[in-house]
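Asks: I'd like to ask some things about the structure below.
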Amino acid sequence: MIQLRLTDKTPLSPRITRFRFQHPDGAPLPVFSGGAHVMVEMQDGDILRRNAYSLISDPQDGSGYEIAVQREDQGRGGSRFMHEQAQPGMLMRLGQPVNLFGLNLTARKHLLIAGGVGITPFLGQIPELDRLGADYELRYCVRSRDEVAVDLPGAQLHVSDEGSRMDLDGVLGAQPIGTHLYVCGSARMIAAVLDRATALGWPPDALHSEEFLAPAPGEPFDVHCARSHKTLTVGAHQSMLEALEAAGIDAPWLCRGGACGQCETDVLACDGQIDHRDHWLHDDERNRKIMPCVSRFRGQLLTIDR
Amino acid sequence: MTSAHSIASSPRYAPLEPRACSAALMIADDAGMAAIDALIGQNPELGRKATILRIGATAPPDTLPAALDGALSQARMGLQVWLAGSQGLIARAQALLLAAGLPKGAIQSEHRGTAARRMQCVHCKTLAEGVTTDPYTCPGCGRALFVRDHFSARLGAFQGVCIDAETPGDIPEPQELRL
Ligand code: FES
């Protein structure tokens, strides 16, 4: 984690705001690769939140890191904290950039499909693609025009309430051999795009996706940590990982979004139903493992190996 | 002398399976046609939309690159490819398809017929088609070469390594390669 100063806060659309972070001494920050995200730490009352946001600034520009945050009023509070409480001048802690959504540089062409705020990882990739002189096609899909956060001359904008929805089959069917597809947006949109691509014969090694999952809230539940001999209550607006951290129990993590596998934890006993929300575990592992960064539990008691 | 038929880089050829696709390309030699027929038997619709390139059974003919160029010229993502026949045919077709940019995941292959392999001598780099014995004699440098299971997808060939480097002249009796 590095401590950076929030130096700028600029609204991009009614719900999306851009935040710029710089080193307090003006020192250069490590460069990254397009598609990378950073973890932003927020001290929200007595809850310590860490939310992942894609870096939207030029990966080669070490003068600062920029992210764009969409306000989620139904969310757990991280985006509300950023919109309401984070103010220029504040010092905040950020993790090192991590990339789980990098470009495949062997691709002949890159087809980028963004839904709403899912445009953010592509904003870091576009300068990289431009520098490489790579062939790419960017489809930016929004429900209404006021959702548009950035004006991208190279993108094809699809606004569904204006009737310019993307013809998905047409787009998927027109790509030359060697095209890789990248999709980022809501879970529903990602599933729809990947399902259609698969049905049309795209192989899995040409498909890449990143879902913006902040851990969703849910009912509070209890978890027993066998190794630490502690029983914790995970609050409605807390993730199990955050509850472990608040109790001083060491648990590994990287993406905090159910995608990287770092936080995988063995389930020792389960009297109830695990609500798996990750993209990591295979079906046959779901009865004995859990990803505490996003998944929850309903029932009497869950015992995990932490 | 034991040959290492279990080295992990050796390509594995599972039975061909139908898969959803927008266009289908099937490439087979005479022995491989049985696998293509079985595939189409499972899914006649696939057979109706497939382009089938049938290549002569013996030494992979030089018609393959041109035939593939033709088949790929209008191709779009959504193309799935099925290969069946000798290792040499599969390896050459796969190398050409990958070079054209097709992702590996869009290619399936099933080994049928001869156990002959396409080999490259690691010493003089000469490619030998249709090698059926282990060791074999390199047509380029004349060395006796041990047929390794190490496979280069880019070249579409297995590696042949000098068998008597340590004790020159100590060459085991050649054995027929088996599937
Ligand atoms: S931290 Fe990445 S899956 Fe949980």
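Letters for chains follow the order of the structure tokens (A, B, ...), residue numbers begin at 1 for each chain, and ligand numbers begin at 1 in the order shown.
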For the structure I just gave you, how does DSSP split stretch 123-169 of chain B - specifically, which residues are strand (DSSP E)? Reply as a PyMOL selection string.
Replies: chain B and resi 127-131+133-134+136-137+144-152+157-162
Asks: So that I can check the secondary structure, give me every residue of stretch 27-79 of chain B assigned alpha helix (DSSP H) by backbone DSSP, as a ChimeraX atom specification.
Replies: /B:33-42,44-49,63-72
Asks: Any idea which chain B residues end up within 7 Å of chain A if we count only C-alpha atoms, as a ChimeraX atom specification please?
Replies: /B:20-22,75-80,101-103,105-106
Asks: Please measure the separation of atom CA of A:Phe32 and atom CA of A:Tyr65, giving the value in Å to one decimal.
Replies: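 Atom CA of A:Tyr65 lies at a distance of 9.9 Å from atom CA of A:Phe32.
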Asks: So how many Å separate atom CA of A:Lys9 and atom CA of A:Arg188, to one decimal?
Replies: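 Distance reported for this atom pair: 29.7 Å.
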Asks: Select the residues contacting ligand 1 at a distance of at most 6 Å, based on only C-alpha atoms and all ligand atoms, then format the selection as a ChimeraX atom specification.
Replies: /A:253-263,291,293
Asks: When you count only C-alpha atoms, which of these residues is closest to A:Met166: A:His37, A:Arg145, A:Arg139, A:Arg49?
Replies: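 Among the listed residues, A:Arg139 lies closest to A:Met166.
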Asks: Could you check which of B:Phe151, B:Gly156, B:Thr132, B:Arg118 is closest to B:Ala99, using only C-alpha atoms?
Replies: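 Going through B:Phe151, B:Gly156, B:Thr132, B:Arg118 one by one, the smallest distance to B:Ala99 is for B:Gly156.
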Asks: Which residues are near stretch 86-92 of chain A? Cut-off 6 Å, only C-alpha atoms, ignore same chain within fewer than 2 positions. Put them as a short mmCIF file (atom, residue, chain, number, x, y, z; two decimals) with N, CA, C and O atoms, in the first residue's frame.
Replies:
```cif
data_model
loop_
_atom_site.label_atom_id
_atom_site.label_comp_id
_atom_site.auth_asym_id
_atom_site.auth_seq_id
_atom_site.Cartn_x
_atom_site.Cartn_y
_atom_site.Cartn_z
N GLN A 3 0.77 5.62 0.27
CA GLN A 3 -0.10 6.72 0.66
C GLN A 3 -0.01 7.83 -0.39
O GLN A 3 1.08 8.30 -0.70
N LEU A 4 -1.16 8.19 -0.94
CA LEU A 4 -1.18 9.20 -2.00
C LEU A 4 -2.15 10.30 -1.63
O LEU A 4 -3.04 10.13 -0.80
N ARG A 5 -1.97 11.44 -2.29
CA ARG A 5 -2.87 12.55 -2.03
C ARG A 5 -3.92 12.61 -3.13
O ARG A 5 -3.61 12.48 -4.32
N LEU A 6 -5.17 12.75 -2.73
CA LEU A 6 -6.24 12.97 -3.69
C LEU A 6 -6.12 14.43 -4.15
O LEU A 6 -6.24 15.35 -3.34
N THR A 7 -5.83 14.62 -5.44
CA THR A 7 -5.55 15.99 -5.89
C THR A 7 -6.66 16.56 -6.75
O THR A 7 -6.69 17.76 -7.00
N ASP A 8 -7.55 15.71 -7.24
CA ASP A 8 -8.59 16.25 -8.10
C ASP A 8 -9.80 15.34 -8.08
O ASP A 8 -9.68 14.12 -7.99
N MET A 82 -16.62 7.62 -1.50
CA MET A 82 -15.79 8.35 -2.46
C MET A 82 -16.52 9.62 -2.93
O MET A 82 -15.93 10.68 -3.04
#
```
Asks: Between atom CA of B:Ser109 and atom CA of B:Pro139, what is the distance in Å, rounded to a tenth?
Replies: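 Atom CA of B:Pro139 lies 28.1 Å from atom CA of B:Ser109.
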Asks: Excluding B:Leu64 and its own-chain neighbours fewer than 6 positions away, which residues fall within 9 Å of it when counting only C-alpha atoms? Please give them as a short mmCIF file (atom, residue, chain, number, x, y, z; two decimals) with N, CA and C atoms, in the first residue's frame.
Replies:
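The resulting part-v3.cif:
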```cif
data_model
loop_
_atom_site.label_atom_id
_atom_site.label_comp_id
_atom_site.auth_asym_id
_atom_site.auth_seq_id
_atom_site.Cartn_x
_atom_site.Cartn_y
_atom_site.Cartn_z
N LEU B 53 -11.60 -30.65 -46.31
CA LEU B 53 -10.41 -30.75 -47.15
C LEU B 53 -9.83 -32.13 -46.94
N ILE B 55 -6.91 -34.68 -47.69
CA ILE B 55 -5.51 -34.61 -48.12
C ILE B 55 -5.00 -36.03 -48.29
N LEU B 89 0.09 -34.71 -40.66
CA LEU B 89 -0.97 -33.85 -41.18
C LEU B 89 -1.50 -32.92 -40.09
N ARG B 92 1.13 -30.23 -39.19
CA ARG B 92 1.32 -29.18 -40.21
C ARG B 92 0.10 -28.28 -40.29
N ALA B 93 -1.07 -28.88 -40.26
CA ALA B 93 -2.29 -28.06 -40.35
C ALA B 93 -2.39 -27.15 -39.14
#
```
Asks: So, with only C-alpha atoms as the atoms that count, which of B:Asp149, B:Glu45, B:Glu129, B:Glu17 lies closest to B:Trp82?
Replies: B:Glu17
Asks: Could you list, as a ChimeraX atom specification, every residue within 12 Å of A:Leu12, counting only C-alpha atoms and ignoring same-chain residues fewer than 5 positions away?
Replies: /A:17-19,67-71,117,120,146-151
Asks: Can I get the selected residues back with all heavy atoms, as a compact mmCIF listing (two decimals), in the first residue's frame?
Replies:
```
# COMPACT_ATOMS: atom_id res chain seq x y z
N THR A 17 -17.70 9.89 -11.18
CA THR A 17 -16.75 10.96 -10.86
C THR A 17 -15.33 10.43 -11.00
O THR A 17 -15.06 9.27 -10.65
CB THR A 17 -16.99 11.47 -9.42
OG1 THR A 17 -18.28 12.09 -9.40
CG2 THR A 17 -15.95 12.47 -8.99
N ARG A 18 -14.46 11.30 -11.53
CA ARG A 18 -13.05 10.92 -11.68
C ARG A 18 -12.25 11.43 -10.49
O ARG A 18 -12.44 12.56 -10.04
CB ARG A 18 -12.48 11.50 -12.97
CG ARG A 18 -11.02 11.12 -13.21
CD ARG A 18 -10.49 11.70 -14.50
NE ARG A 18 -10.45 13.15 -14.41
CZ ARG A 18 -10.59 13.97 -15.45
NH1 ARG A 18 -10.80 13.48 -16.66
NH2 ARG A 18 -10.53 15.26 -15.29
N PHE A 19 -11.35 10.60 -9.99
CA PHE A 19 -10.47 10.96 -8.87
C PHE A 19 -9.03 10.81 -9.32
O PHE A 19 -8.68 9.81 -9.93
CB PHE A 19 -10.71 10.03 -7.68
CG PHE A 19 -12.11 10.12 -7.12
CD1 PHE A 19 -13.14 9.38 -7.69
CD2 PHE A 19 -12.39 10.94 -6.04
CE1 PHE A 19 -14.43 9.47 -7.18
CE2 PHE A 19 -13.68 11.03 -5.53
CZ PHE A 19 -14.70 10.30 -6.10
N ILE A 67 -8.85 7.15 -11.30
CA ILE A 67 -9.91 6.14 -11.30
C ILE A 67 -11.24 6.85 -11.55
O ILE A 67 -11.33 8.08 -11.41
CB ILE A 67 -9.98 5.37 -9.96
CG1 ILE A 67 -10.26 6.33 -8.79
CG2 ILE A 67 -8.71 4.58 -9.71
CD1 ILE A 67 -10.56 5.62 -7.47
N ALA A 68 -12.26 6.09 -11.93
CA ALA A 68 -13.60 6.66 -12.07
C ALA A 68 -14.53 5.80 -11.23
O ALA A 68 -14.51 4.57 -11.32
CB ALA A 68 -14.03 6.64 -13.53
N VAL A 69 -15.32 6.45 -10.40
CA VAL A 69 -16.19 5.72 -9.47
C VAL A 69 -17.65 6.04 -9.77
O VAL A 69 -18.03 7.21 -9.81
CB VAL A 69 -15.85 6.08 -8.01
CG1 VAL A 69 -16.76 5.32 -7.04
CG2 VAL A 69 -14.39 5.80 -7.71
N GLN A 70 -18.44 5.00 -9.97
CA GLN A 70 -19.87 5.21 -10.17
C GLN A 70 -20.57 5.08 -8.82
O GLN A 70 -20.37 4.12 -8.08
CB GLN A 70 -20.41 4.17 -11.14
CG GLN A 70 -21.93 4.22 -11.28
CD GLN A 70 -22.40 3.48 -12.52
OE1 GLN A 70 -22.32 3.97 -13.62
NE2 GLN A 70 -22.88 2.26 -12.32
N ARG A 71 -21.41 6.04 -8.54
CA ARG A 71 -22.13 6.04 -7.28
C ARG A 71 -23.19 4.93 -7.29
O ARG A 71 -24.03 4.87 -8.19
CB ARG A 71 -22.80 7.40 -7.09
CG ARG A 71 -23.40 7.58 -5.75
CD ARG A 71 -24.17 8.89 -5.69
NE ARG A 71 -24.95 8.88 -4.49
CZ ARG A 71 -24.66 9.61 -3.40
NH1 ARG A 71 -23.66 10.45 -3.43
NH2 ARG A 71 -25.40 9.50 -2.33
N VAL A 117 -20.28 1.84 -16.82
CA VAL A 117 -19.03 2.16 -16.14
C VAL A 117 -17.94 1.12 -16.46
O VAL A 117 -16.78 1.32 -16.16
CB VAL A 117 -19.27 2.30 -14.61
CG1 VAL A 117 -19.51 0.95 -13.97
CG2 VAL A 117 -18.12 3.04 -13.94
N THR A 120 -14.24 1.67 -17.91
CA THR A 120 -13.02 2.12 -17.22
C THR A 120 -11.75 1.32 -17.53
O THR A 120 -10.74 1.94 -17.82
CB THR A 120 -13.24 2.23 -15.70
OG1 THR A 120 -13.76 0.99 -15.22
CG2 THR A 120 -14.21 3.35 -15.35
N ASP A 146 -26.91 10.27 -20.82
CA ASP A 146 -26.26 10.90 -19.66
C ASP A 146 -25.38 9.94 -18.87
O ASP A 146 -24.71 10.33 -17.92
CB ASP A 146 -27.30 11.61 -18.75
CG ASP A 146 -28.22 10.61 -18.06
OD1 ASP A 146 -28.12 9.39 -18.35
OD2 ASP A 146 -29.06 11.05 -17.24
N GLU A 147 -25.35 8.65 -19.27
CA GLU A 147 -24.43 7.71 -18.64
C GLU A 147 -23.03 7.82 -19.23
O GLU A 147 -22.08 7.26 -18.69
CB GLU A 147 -24.89 6.27 -18.92
CG GLU A 147 -25.76 5.67 -17.84
CD GLU A 147 -26.04 4.20 -18.16
OE1 GLU A 147 -25.18 3.51 -18.69
OE2 GLU A 147 -27.17 3.78 -17.88
N VAL A 148 -22.91 8.48 -20.36
CA VAL A 148 -21.61 8.54 -21.03
C VAL A 148 -20.63 9.34 -20.18
O VAL A 148 -20.89 10.48 -19.85
CB VAL A 148 -21.75 9.17 -22.43
CG1 VAL A 148 -20.39 9.33 -23.08
CG2 VAL A 148 -22.65 8.30 -23.30
N ALA A 149 -19.52 8.70 -19.81
CA ALA A 149 -18.57 9.35 -18.91
C ALA A 149 -17.43 10.00 -19.67
O ALA A 149 -16.80 10.92 -19.18
CB ALA A 149 -18.01 8.34 -17.91
N VAL A 150 -17.12 9.51 -20.84
CA VAL A 150 -16.00 10.06 -21.61
C VAL A 150 -16.38 10.11 -23.08
O VAL A 150 -17.13 9.27 -23.57
CB VAL A 150 -14.72 9.20 -21.49
CG1 VAL A 150 -13.94 9.56 -20.26
CG2 VAL A 150 -15.04 7.73 -21.53
N ASP A 151 -15.80 11.08 -23.73
CA ASP A 151 -16.03 11.26 -25.14
C ASP A 151 -14.88 10.57 -25.86
O ASP A 151 -13.74 10.99 -25.73
CB ASP A 151 -16.02 12.77 -25.41
CG ASP A 151 -16.69 13.09 -26.72
OD1 ASP A 151 -17.43 12.21 -27.21
OD2 ASP A 151 -16.46 14.19 -27.23
```
Asks: Leaving out B:Ala165 and any residue of its chain fewer than 3 positions from it, which residues lie within 10 Å of it when counting only C-alpha atoms, given as a ChimeraX atom specification?
Replies: /B:143-145,161-162,168-171
Asks: Near stretch 29-38 of chain B, within 9 Å and counting only C-alpha atoms, which residues show up once chain neighbours fewer than 3 positions away are dropped, as a list of chain:residue names?
Replies: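 The residues that qualify are B:Pro15, B:Leu16, B:Met26, B:Gly41, B:Gln42, B:Asn43, B:Gly47, B:Ile52, B:Leu53, B:Arg54, B:Ile55, B:Gly56, B:Ala57, B:Thr58, B:Pro60, B:Trp82, B:Leu83, B:Ala84, B:Gly85, B:Ser86, B:Leu89, B:Glu110, B:His111, B:Arg112, B:Gly113, B:Thr114.
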Asks: Go through A:Arg15, A:Gln43, A:Pro215, A:Arg93 and flag the residue nearest A:Gly116, using only C-alpha atoms for the distances.
Replies: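 Residue with the minimum atom-to-atom distance to A:Gly116: A:Arg15.
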Asks: Check the smallest atom-to-atom distance from each of A:Gly75, A:Gly95, A:Gly124, A:Gly64 to A:Ala236 using only C-alpha atoms, then report the winner.
Replies: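 Of A:Gly75, A:Gly95, A:Gly124, A:Gly64, the one nearest A:Ala236 is A:Gly75, counting only C-alpha atoms.
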